[in-house]
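*Asks:* Compact mmCIF, C-alpha atoms, saved as data_19.txt, coming up:
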```txt
# COMPACT_ATOMS: atom_id res chain seq x y z
CA ALA A 274 125.99 109.69 78.97
CA ALA A 275 125.95 108.04 82.40
CA VAL A 276 124.63 104.78 80.96
CA MET A 277 127.16 104.80 78.12
CA GLY A 278 129.94 105.49 80.58
CA GLY A 279 128.79 102.58 82.70
CA LEU A 280 128.65 100.24 79.70
CA CYS A 281 132.13 101.29 78.60
CA ALA A 282 133.41 100.50 82.09
CA ALA A 283 131.69 97.10 81.90
CA PHE A 284 133.13 96.36 78.48
CA GLN A 285 136.59 97.32 79.66
CA ALA A 286 136.35 95.20 82.80
CA PHE A 287 135.19 92.22 80.74
CA SER A 288 137.98 92.60 78.18
CA LEU A 289 140.67 93.05 80.82
CA PHE A 290 139.54 89.96 82.70
CA VAL A 291 139.60 87.80 79.55
CA LYS A 292 142.93 89.33 78.53
CA GLY A 293 144.38 88.33 81.86
CA LYS A 294 143.49 84.68 81.22
CA GLU A 295 145.47 84.44 77.96
CA VAL A 296 148.18 81.79 77.81
CA PRO A 297 151.57 83.18 76.65
CA ALA A 298 152.15 82.55 72.94
CA GLY A 299 155.12 80.26 73.53
CA ALA A 300 153.18 78.02 75.92
CA ARG A 301 149.97 77.65 73.92
CA GLY A 302 148.73 74.27 72.80
CA PRO A 303 146.05 73.44 70.22
CA ALA A 304 143.30 73.74 72.88
CA ALA A 305 144.78 76.21 75.34
CA ARG A 306 144.59 79.81 74.20
CA TRP A 307 143.03 80.81 77.54
CA ARG A 308 143.13 79.15 80.96
CA CYS A 309 140.77 79.85 83.86
CA CYS A 310 139.65 77.79 86.87
CA ARG A 311 141.90 74.91 85.74
CA GLN A 312 140.12 74.74 82.39
CA ALA A 313 141.53 75.33 78.89
CA PHE A 314 139.68 77.22 76.15
CA ALA A 315 140.60 77.34 72.47
CA GLU A 316 137.69 79.42 71.15
CA LEU A 317 136.56 82.92 72.13
CA PRO A 318 132.90 82.00 72.82
CA GLY A 319 134.04 79.34 75.28
CA ILE A 320 136.05 81.66 77.50
CA HIS A 321 133.29 84.31 77.26
CA ARG A 322 130.64 81.85 78.40
CA HIS A 323 132.81 80.63 81.28
CA VAL A 324 133.60 84.15 82.49
CA GLY A 325 129.97 85.20 82.25
CA LEU A 326 128.72 82.21 84.20
CA HIS A 327 131.37 82.04 86.92
CA HIS A 328 132.95 85.48 87.32
CA GLY A 329 130.03 87.88 86.89
CA GLY A 330 130.21 89.15 90.46
CA ASP A 331 133.91 90.05 90.30
CA ILE A 332 133.66 91.89 87.00
CA GLY A 333 130.36 93.52 87.92
CA ARG A 334 132.00 95.04 90.98
CA GLN A 335 134.98 96.22 88.92
CA ALA A 336 132.66 97.77 86.35
CA ALA A 337 130.54 99.46 89.01
CA ALA A 338 133.63 100.92 90.67
CA ALA A 339 134.93 102.18 87.33
CA ALA A 340 131.55 103.74 86.50
CA SER A 341 131.38 105.58 89.85
CA PRO A 342 134.39 107.89 90.05
CA GLY A 343 132.66 110.11 92.60
CA GLU A 344 132.52 107.35 95.22
CA GLY A 345 134.41 108.18 98.37
CA SER A 346 134.75 111.89 97.58
CA PRO A 347 134.70 114.11 100.66
CA GLY A 348 131.16 115.12 101.55
CA LYS A 349 129.62 113.05 98.76
CA GLY A 350 127.91 109.70 98.99
CA PRO A 351 128.43 106.91 96.46
CA ASP A 352 126.84 107.43 93.06
CA ILE A 353 124.05 105.13 91.95
CA CYS A 354 125.38 102.69 89.40
CA CYS A 355 123.70 103.12 86.02
CA VAL A 356 125.15 100.00 84.38
CA LEU A 357 122.49 97.75 82.86
CA PRO A 358 123.19 94.25 81.51
CA ASP A 359 123.01 94.16 77.72
CA THR A 360 120.68 91.27 76.84
CA GLY A 361 119.80 92.37 73.33
CA ARG A 362 122.69 90.69 71.49
CA LEU A 363 122.71 87.30 73.17
CA ARG A 364 122.72 84.01 71.28
CA GLN A 365 122.12 80.47 72.48
CA ASP A 366 125.82 79.66 72.07
CA GLY A 367 127.06 82.66 74.02
CA PRO A 368 127.85 86.33 73.41
CA SER A 369 128.21 87.52 69.82
CA SER A 370 130.99 89.96 70.56
CA PRO A 371 133.90 90.24 73.02
CA ASN A 372 132.36 93.51 74.19
CA VAL A 373 128.96 92.16 75.27
CA PHE A 374 128.55 92.89 78.97
CA LEU A 375 129.35 89.63 80.74
CA LEU A 376 126.53 89.95 83.27
CA SER A 377 124.02 89.24 80.53
CA VAL A 378 125.50 85.86 79.60
CA PRO A 379 123.63 83.70 82.16
CA LEU A 380 120.31 84.94 80.77
CA CYS A 381 120.75 83.38 77.32
CA HIS A 382 119.26 80.03 78.32
CA ALA A 383 116.67 81.06 80.87
CA VAL A 384 115.32 84.57 80.30
CA SER A 385 112.01 83.21 78.97
CA SER A 386 111.78 80.16 81.25
CA LYS A 387 108.63 79.74 83.34
CA VAL A 388 110.62 77.93 86.01
CA GLY A 389 112.04 80.68 88.16
CA GLU A 390 112.20 82.29 91.57
CA VAL A 391 110.65 85.04 93.65
CA LEU A 392 113.15 87.19 95.52
CA LEU A 393 112.42 89.05 98.76
CA TYR A 394 114.82 91.60 100.24
CA TYR A 395 115.10 95.01 101.86
CA CYS A 396 117.85 97.39 102.87
CA TYR A 397 117.59 100.27 105.31
CA CYS A 398 120.14 102.95 104.44
CA GLU A 399 120.33 106.65 103.65
CA VAL A 400 119.26 107.36 100.06
CA LYS A 401 120.04 110.94 99.07
CA ASP A 402 118.31 110.75 95.68
CA PRO A 403 115.35 108.31 95.80
CA GLU A 404 114.11 109.38 92.36
CA LYS A 405 117.43 108.47 90.75
CA LEU A 406 117.56 105.12 92.53
CA CYS A 407 113.95 104.44 91.50
CA ALA A 408 114.68 105.15 87.83
CA TRP A 409 117.72 102.87 87.87
CA GLN A 410 115.86 100.11 89.69
CA LYS A 411 112.95 100.24 87.24
CA ALA A 412 115.29 100.11 84.25
CA LEU A 413 117.19 97.18 85.76
CA CYS A 414 114.03 95.14 86.44
CA GLN A 415 112.61 95.83 82.99
CA HIS A 416 115.92 94.90 81.39
CA LEU A 417 115.95 91.55 83.21
CA HIS A 418 112.25 90.89 82.52
CA LEU A 419 111.44 90.90 86.24
CA THR A 420 107.99 91.61 87.63
CA GLY A 421 106.97 92.51 91.17
CA LYS A 422 107.02 95.50 93.51
CA VAL A 423 109.90 97.72 94.59
CA ARG A 424 109.51 100.57 97.08
CA VAL A 425 112.21 103.23 97.27
CA ALA A 426 112.45 105.91 99.96
CA SER A 427 115.01 108.11 101.64
CA GLU A 428 115.29 105.37 104.28
CA GLY A 429 116.17 102.54 101.83
CA ILE A 430 114.66 100.02 99.43
CA ASN A 431 112.22 97.11 99.73
CA GLY A 432 111.70 94.69 96.88
CA THR A 433 109.82 91.53 95.94
CA VAL A 434 110.54 90.52 92.35
CA GLY A 435 110.09 87.40 90.24
CA GLY A 436 111.75 86.08 87.12
CA SER A 437 113.93 83.31 85.71
CA LYS A 438 116.56 81.84 88.01
CA ALA A 439 119.31 83.35 85.87
CA ALA A 440 117.69 86.80 85.92
CA VAL A 441 117.17 86.67 89.69
CA SER A 442 120.77 85.56 90.21
CA LEU A 443 121.98 88.39 88.01
CA TYR A 444 119.78 90.87 89.86
CA ILE A 445 121.43 89.85 93.14
CA GLU A 446 124.90 90.26 91.64
CA VAL A 447 124.08 93.75 90.38
CA MET A 448 122.58 94.78 93.73
CA LEU A 449 125.64 93.49 95.60
CA SER A 450 127.91 95.52 93.31
CA GLN A 451 125.75 98.65 93.50
CA PRO A 452 127.88 101.32 95.26
CA LEU A 453 124.99 102.35 97.50
CA PHE A 454 124.44 98.83 98.85
CA LYS A 455 127.67 96.89 98.39
CA ASP A 456 128.93 97.55 101.92
CA ILE A 457 125.52 96.91 103.51
CA LEU A 458 123.79 94.08 101.66
CA CYS A 459 125.05 90.51 101.66
CA ARG A 460 123.77 87.34 100.01
CA GLU A 461 122.03 86.26 103.22
CA ASP A 462 119.77 89.32 102.96
CA PHE A 463 118.12 87.91 99.82
CA LYS A 464 115.40 85.32 100.45
CA SER A 465 114.19 83.28 97.47
CA SER A 466 111.45 80.75 96.83
CA ALA A 467 110.13 78.84 93.82
CA GLY A 468 108.06 81.02 91.51
CA GLY A 469 108.82 83.39 88.66
CA ALA A 470 107.63 86.45 86.77
CA HIS A 471 104.15 84.91 86.46
CA CYS A 472 103.62 85.36 90.22
CA PHE A 473 103.02 89.11 89.72
CA PRO A 474 100.66 90.85 87.29
CA ASP A 475 103.22 93.53 86.40
CA LEU A 476 106.21 95.56 87.59
CA ARG A 477 105.64 98.44 89.99
CA VAL A 478 108.57 100.60 91.11
CA GLY A 479 107.96 103.85 92.94
CA VAL A 480 109.19 106.38 95.47
CA PHE A 481 107.41 106.42 98.83
CA LYS A 482 107.84 108.02 102.22
CA GLU A 483 108.40 104.62 103.85
CA ILE A 484 109.67 101.37 102.39
CA VAL A 485 107.10 99.55 104.52
CA PRO A 486 103.86 101.48 105.19
CA MET A 487 103.58 101.91 108.95
CA GLY A 488 102.12 105.41 108.72
CA ILE A 489 104.72 107.13 110.89
CA ASP A 490 107.37 109.53 109.60
CA PRO A 491 110.75 107.72 109.51
CA LYS A 492 112.28 110.82 111.09
CA ILE A 493 110.11 110.24 114.18
CA VAL A 494 110.54 106.46 114.45
CA SER A 495 113.69 105.40 112.66
CA TYR A 496 114.98 101.98 111.71
CA LYS A 497 118.17 103.04 113.50
CA GLU A 498 116.38 102.50 116.82
CA THR A 499 115.35 98.94 116.06
CA GLY A 500 115.19 96.12 118.58
CA LYS A 501 118.00 93.65 119.08
CA GLU A 502 118.36 90.86 116.55
CA VAL A 503 118.19 87.37 117.96
CA GLU A 504 118.97 84.49 115.63
CA GLN A 505 117.81 80.95 116.18
CA TYR A 506 116.29 81.77 119.58
CA LEU A 507 113.21 79.72 118.73
CA SER A 508 115.30 76.55 118.59
CA GLN A 509 116.85 77.32 121.97
CA ALA A 510 114.12 79.10 123.89
CA SER A 511 113.15 77.57 127.20
CA GLN A 512 109.52 76.88 127.96
CA GLY A 513 107.33 78.44 130.61
CA GLN A 514 108.70 82.01 130.61
CA SER A 515 105.76 84.11 131.76
CA ASP A 516 107.66 87.36 131.20
CA THR A 517 108.04 86.71 127.47
CA ILE A 518 105.65 87.52 124.62
CA LEU A 519 106.17 86.19 121.11
CA LEU A 520 104.55 88.88 118.94
CA ASP A 521 103.49 88.35 115.32
CA CYS A 522 103.77 91.71 113.50
CA ARG A 523 101.80 90.60 110.45
CA ASN A 524 98.16 91.03 109.45
CA PHE A 525 95.42 88.69 110.63
CA TYR A 526 95.06 86.88 107.28
CA GLU A 527 98.79 86.09 107.33
CA SER A 528 98.92 84.64 110.83
CA LYS A 529 95.64 82.81 110.23
CA ILE A 530 97.24 80.24 107.91
CA GLY A 531 100.61 79.99 109.62
CA HIS A 532 102.37 81.17 112.77
CA PHE A 533 104.82 80.23 115.51
CA GLN A 534 103.46 78.15 118.35
CA GLY A 535 102.42 80.19 121.38
CA CYS A 536 102.46 83.55 119.57
CA LEU A 537 100.29 86.60 120.11
CA ALA A 538 98.80 87.49 116.71
CA PRO A 539 97.12 90.93 116.49
CA ASP A 540 93.77 91.09 114.73
CA ILE A 541 94.82 93.92 112.39
CA ARG A 542 94.20 94.34 108.67
CA LYS A 543 97.18 96.58 107.82
CA PHE A 544 100.64 97.18 109.22
CA SER A 545 99.75 100.87 109.48
CA TYR A 546 97.38 99.79 112.29
CA PHE A 547 100.27 98.28 114.28
CA PRO A 548 101.28 101.51 116.11
CA SER A 549 97.71 102.03 117.31
CA TYR A 550 97.56 98.38 118.34
CA VAL A 551 100.65 98.90 120.49
CA ASP A 552 99.22 102.09 122.00
CA GLU A 553 95.98 100.34 122.94
CA ASN A 554 97.82 97.42 124.56
CA LEU A 555 100.74 99.01 126.40
CA GLU A 556 99.72 97.35 129.67
CA LEU A 557 100.06 93.97 127.97
CA PHE A 558 103.71 94.65 127.11
CA LYS A 559 104.70 96.30 130.39
CA ASP A 560 107.85 94.75 131.89
CA LYS A 561 107.79 91.97 129.29
CA ARG A 562 110.49 90.61 127.03
CA VAL A 563 108.96 90.93 123.56
CA LEU A 564 110.18 88.72 120.73
CA MET A 565 108.88 90.01 117.38
CA TYR A 566 108.73 88.39 113.97
CA CYS A 567 107.30 88.99 110.49
CA THR A 568 107.72 87.53 106.98
CA GLY A 569 111.17 88.79 106.03
CA GLY A 570 112.18 91.08 108.88
CA ILE A 571 111.36 94.51 107.46
CA ARG A 572 108.22 95.17 109.51
CA CYS A 573 110.06 94.26 112.69
CA GLU A 574 112.70 96.89 111.97
CA ARG A 575 110.20 99.73 112.35
CA GLY A 576 107.75 97.87 114.59
CA SER A 577 110.38 97.10 117.21
CA ALA A 578 111.62 100.71 117.06
CA TYR A 579 108.09 101.94 117.77
CA LEU A 580 107.60 99.53 120.66
CA ARG A 581 110.96 100.51 122.16
CA SER A 582 110.00 104.18 121.91
CA LYS A 583 107.18 103.51 124.42
CA ALA A 584 109.71 102.49 127.10
CA VAL A 585 107.45 99.90 128.72
CA CYS A 586 109.14 96.63 127.75
CA LYS A 587 111.97 94.94 129.55
CA GLU A 588 113.62 94.09 126.21
CA VAL A 589 112.59 94.03 122.55
CA TYR A 590 114.01 91.50 120.11
CA GLN A 591 113.37 90.70 116.46
CA LEU A 592 113.90 87.54 114.41
CA LYS A 593 116.64 88.29 111.87
CA GLY A 594 115.53 87.49 108.32
CA GLY A 595 111.99 86.80 109.52
CA ILE A 596 110.03 83.59 109.03
CA HIS A 597 111.44 83.17 105.52
CA LYS A 598 115.03 82.85 106.70
CA TYR A 599 114.01 80.83 109.76
CA LEU A 600 112.32 78.20 107.57
CA GLU A 601 115.46 77.90 105.45
CA GLU A 602 117.39 76.91 108.57
CA PHE A 603 114.66 75.11 110.52
CA PRO A 604 112.04 73.68 108.12
CA ASP A 605 110.80 71.39 110.90
CA GLY A 606 111.03 74.00 113.65
CA PHE A 607 108.35 75.77 115.67
CA TYR A 608 106.54 77.41 112.74
CA ARG A 609 103.32 75.64 111.80
CA GLY A 610 101.24 76.05 108.65
CA LYS A 611 101.96 78.04 105.49
CA LEU A 612 103.85 81.30 105.01
CA PHE A 613 101.69 84.01 103.43
CA VAL A 614 103.33 85.93 100.57
CA PHE A 615 102.14 89.06 98.77
CA ASP A 616 101.94 87.74 95.23
CA ASP A 617 99.66 85.51 93.18
CA ARG A 618 100.82 82.39 95.04
CA TYR A 619 99.38 83.75 98.34
CA ALA A 620 101.31 81.17 100.35
CA ILE A 621 104.35 78.90 100.26
CA CYS A 622 104.55 75.59 102.06
CA SER A 623 107.01 74.80 104.84
CA ASN A 624 105.38 71.76 106.46
CA GLU A 625 102.32 69.56 106.07
CA ASP A 626 100.31 71.19 108.86
CA ILE A 627 97.02 72.94 108.06
CA ILE A 628 95.99 75.21 110.92
CA SER A 629 93.10 77.15 109.35
CA ALA A 630 89.61 76.17 108.23
CA CYS A 631 87.13 76.71 105.42
CA ARG A 632 85.02 79.78 106.06
CA TYR A 633 81.78 77.85 105.33
CA CYS A 634 82.07 74.21 106.43
CA GLY A 635 84.92 74.38 108.93
CA SER A 636 87.03 71.67 107.33
CA LEU A 637 90.79 72.14 107.33
CA TRP A 638 91.80 74.42 104.46
CA ASP A 639 94.52 77.04 103.94
CA GLN A 640 94.51 78.10 100.29
CA TYR A 641 93.29 81.64 99.79
CA LYS A 642 91.17 82.91 96.91
CA LEU A 643 89.89 86.42 96.24
CA CYS A 644 86.24 87.06 97.11
CA SER A 645 84.10 86.45 94.03
CA SER A 646 82.30 89.79 94.48
CA GLN A 647 83.48 92.05 91.68
CA HIS A 648 84.54 94.96 93.88
CA CYS A 649 85.64 93.19 97.07
CA ARG A 650 89.34 92.52 97.57
CA GLN A 651 89.06 90.38 100.70
CA LEU A 652 90.76 87.00 100.78
CA VAL A 653 88.61 84.00 101.60
CA LEU A 654 89.28 80.42 102.66
CA THR A 655 86.71 78.25 100.93
CA CYS A 656 87.37 74.56 100.24
CA PRO A 657 86.74 72.87 96.85
CA SER A 658 83.54 71.28 98.10
CA CYS A 659 82.05 74.63 99.14
CA ARG A 660 83.28 76.34 96.01
CA SER A 661 81.50 73.73 93.91
CA LYS A 662 78.30 74.75 95.72
CA GLY A 663 78.83 78.37 94.71
CA LEU A 664 80.14 79.53 98.09
CA THR A 665 82.95 81.71 96.78
CA ALA A 666 82.56 85.03 98.62
CA CYS A 667 84.09 86.30 101.84
CA CYS A 668 80.76 86.79 103.66
CA PRO A 669 76.96 86.58 103.19
CA VAL A 670 76.76 90.24 102.17
CA CYS A 671 79.05 89.60 99.22
CA GLN A 672 77.56 86.18 98.55
CA GLU A 673 73.95 87.30 98.33
CA LYS A 674 74.36 90.27 96.06
CA GLU A 675 76.91 92.20 94.10
CA LEU A 676 78.09 95.22 96.08
CA THR A 677 76.91 98.47 94.54
CA VAL A 678 79.59 100.82 93.30
CA THR A 679 78.77 104.27 94.62
CA SER A 680 79.74 107.44 92.81
CA ARG A 681 83.14 108.76 93.77
CA ALA A 682 85.47 111.58 92.90
CA PRO A 683 88.02 111.02 90.09
CA GLY A 684 91.08 109.19 91.35
CA GLN A 685 89.44 108.11 94.61
CA THR A 686 90.21 104.55 95.58
CA LEU A 687 87.21 102.24 95.80
CA LYS A 688 86.79 100.67 99.23
CA GLU A 689 83.89 98.34 99.80
CA GLU A 690 82.47 97.58 103.22
CA CYS A 691 81.10 94.12 103.84
CA GLU A 692 80.40 91.93 106.85
CA CYS A 693 84.07 90.97 107.14
CA THR A 694 85.36 94.53 107.32
CA ARG A 695 82.52 96.02 109.38
CA ARG A 696 82.81 93.53 112.21
CA ARG A 697 86.60 93.63 112.40
CA PRO A 698 87.78 96.47 114.68
CA ARG A 699 90.46 98.73 113.28
CA VAL A 700 92.55 98.52 116.45
CA PRO A 701 91.62 95.51 118.57
CA ILE A 702 92.47 95.44 122.25
CA GLU A 703 94.02 92.16 123.30
CA ARG A 704 92.50 90.47 126.34
CA VAL A 705 95.20 87.99 127.35
CA SER A 706 95.33 86.66 130.88
CA PRO A 707 98.65 85.85 132.62
CA ARG A 708 97.55 82.20 132.77
CA THR A 709 97.16 82.13 128.99
CA LEU A 710 100.60 83.63 128.52
CA ASP A 711 102.14 81.07 130.88
CA ALA A 712 100.51 78.23 128.98
CA GLY A 713 101.48 79.66 125.60
CA LYS A 714 105.14 80.10 126.45
```
Any chance you could give the structure as structure tokens?
*Replies:*
Amino acid sequence: AAVMGGLCAAFQAFSLFVKGKEVPAGARGPAARWRCCRQAFAELPGIHRHVGLHHGGDIGRQAAAAASPGEGSPGKGPDICCVLPDTGRLRQDGPSSPNVFLLSVPLCHAVSSKVGEVLLYYCYCEVKDPEKLCAWQKALCQHLHLTGKVRVASEGINGTVGGSKAAVSLYIEVMLSQPLFKDILCREDFKSSAGGAHCFPDLRVGVFKEIVPMGIDPKIVSYKETGKEVEQYLSQASQGQSDTILLDCRNFYESKIGHFQGCLAPDIRKFSYFPSYVDENLELFKDKRVLMYCTGGIRCERGSAYLRSKAVCKEVYQLKGGIHKYLEEFPDGFYRGKLFVFDDRYAICSNEDIISACRYCGSLWDQYKLCSSQHCRQLVLTCPSCRSKGLTACCPVCQEKELTVTSRAPGQTLKEECECTRRRPRVPIERVSPRTLDAGK
């Protein structure tokens, strides 16, 4: 019933918009039954196609508002919009009926295209019914043929999805018109790069305790206590500030292939290790101005809140939009190397610099592959020359023999230990001298 109500609201909004573009009968010419954006349309499919391509956002918002009568009621938060674009009745020449939901129109030429985009976004906000939002989000992604990962929690939503350019554009429009997000999200919060649905093996949408796994209850360390946002500081920062630390909040394999010049990059394997890393290195951050960054900004939201909760820093800042947004504005800025991404591309290029090396021969190389050992999920940098020699594993343990799968209880996740994981401490303690910090900054 909710979905049908939403579709009826969408149909009505579409029809009313087209109706409003009709030329009065006495003023019509042979090619001017409708006028919109200084264009004349004589046939119904023409005005439908135009409205779908250029006015989807306006009508989507009208439809969402009409489908959410409970919005703004005293003591009640906005309902989650259940409207889904109807893509089942599309034709190459436009919609087959005046009542086809306009938001589906842009998909008719590109829903199956392999040339697409990968979209990265997050939104911290209060979600009263995560299960309902999760169900809607999964239905929306499936309807638009998007793949990727979406995490929903009571503290918000975090998504990385891939699909055709038209589907991704439509997804953004729907999210911006969603009552829960429309007053919080803006277009600048969505970061896109070349890719598509093929960049992910499938679609995974679920409800979690945190939208980014830091391992600390959001009620204890909340995004509401985040550090200050500082935009474009890297292009304006003065050199030689010994009281400043530029802190990379990502994992070691991310910073290994690309990072900001002069940064401090923790040797951690998971973001859930970051709080312990901070605890073990409080003296390092004492009385310092800490400037934090990550891929898209989401890890800094919680990471900066945790660091601030320790009350040892002079100030804590975070780079708004993360590296992704920074590279859009400053492609030739202070970031060197590639940007690691969590999909089948592994990295996207921002400049020609290669700052990492092949694990075996030491030649410059920055393209990750999975370890060839059947049960190891470590990433390895091995150049084409070494790969041709059969050197395709992350370490000698994996290279010499296949790791044995031990018996485990049903449902238990398999975790293999090899040379790479055994020698890497869970929570490394940074040994950084003041002289090194002065030189780095």
*Asks:* Given the point (107.6, 76.4, 116.2) in the file's coordinates, find the residues that have an atom at most 6 Å from it, counting all atoms listed in the file, and give them as a ChimeraX atom specification.
*Replies:* /A:533-534,606-608
*Asks:* Those selected residues, please, written with C-alpha atoms and delivered as a JSON list (two decimals), in the coordinates of the input.
*Replies:*
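And here is the file that came out, out-v9.json:
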```
[["chain", "number", "residue", "atom", "x", "y", "z"],
["A", 533, "PHE", "CA", 104.82, 80.23, 115.51],
["A", 534, "GLN", "CA", 103.46, 78.15, 118.35],
["A", 606, "GLY", "CA", 111.03, 74.00, 113.65],
["A", 607, "PHE", "CA", 108.35, 75.77, 115.67],
["A", 608, "TYR", "CA", 106.54, 77.41, 112.74]]
```
*Asks:* Counting all atoms listed in the file, give me one row per residue of segment 577-644 of chain A with an atom at most 12 Å from an atom of segment 451-470 of chain A, showing the shortest contact pair and its distance in Å to one decimal, sorted by chain then residue number, as a Markdown table.
*Replies:*
```
| residue | atom | partner | partner_atom | distance |
| --- | --- | --- | --- | --- |
| A:Lys593 | CA | A:Asp462 | CA | 9.5 |
| A:Gly594 | CA | A:Asp462 | CA | 7.1 |
| A:Gly595 | CA | A:Lys464 | CA | 9.8 |
| A:Ile596 | CA | A:Lys464 | CA | 10.3 |
| A:His597 | CA | A:Lys464 | CA | 6.8 |
| A:Lys598 | CA | A:Lys464 | CA | 6.7 |
| A:Tyr599 | CA | A:Lys464 | CA | 10.4 |
| A:Leu600 | CA | A:Lys464 | CA | 10.5 |
| A:Glu601 | CA | A:Lys464 | CA | 8.9 |
| A:Glu602 | CA | A:Glu461 | CA | 11.7 |
| A:Leu612 | CA | A:Ser466 | CA | 11.2 |
| A:Val614 | CA | A:Ser466 | CA | 10.3 |
| A:Asp616 | CA | A:Gly468 | CA | 9.8 |
| A:Asp617 | CA | A:Gly468 | CA | 9.7 |
| A:Arg618 | CA | A:Gly468 | CA | 8.2 |
| A:Tyr619 | CA | A:Gly468 | CA | 11.4 |
| A:Ala620 | CA | A:Ser466 | CA | 10.7 |
| A:Ile621 | CA | A:Ser466 | CA | 8.1 |
| A:Cys622 | CA | A:Ser466 | CA | 10.1 |
| A:Ser623 | CA | A:Ser466 | CA | 10.9 |
```
*Asks:* Point out the residue among A:Cys309, A:Asp560, A:Ile445, A:Val434 with the least atom-to-atom distance to Arg581 of chain A, counting only C-alpha atoms.
*Replies:*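 Smallest separation from Arg581 of chain A among the options: A:Asp560.
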*Asks:* In Å, how far is it from atom CA of Tyr579 of chain A to atom CA of Val551 of chain A?
*Replies:*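 About the pair atom CA of Tyr579 of chain A and atom CA of Val551 of chain A: they are 8.5 Å apart.
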*Asks:* Residues near Arg609 of chain A, anyone? I mean within 9 Å using all atoms listed in the file, not counting same-chain ones fewer than 4 positions away, as a list in words.
*Replies:* Ile530, Gly531, His532, Phe533, Gln534, Asp605, Ser623, Asn624, Glu625, Asp626, Ile627 and Ile628 of chain A
*Asks:* Compare A:Lys529, A:Phe290, A:Leu564, A:Ile702 by their minimum atom-to-atom distance to Tyr641 of chain A, counting all atoms listed in the file, and give me the closest one.
*Replies:*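 Closest residue, counting all atoms listed in the file: A:Lys529.
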*Asks:* What is the atom CA of Glu556 of chain A to atom CA of Arg695 of chain A distance in Å?
*Replies:*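 Going from atom CA of Glu556 of chain A over to atom CA of Arg695 of chain A, I get 26.6 Å.
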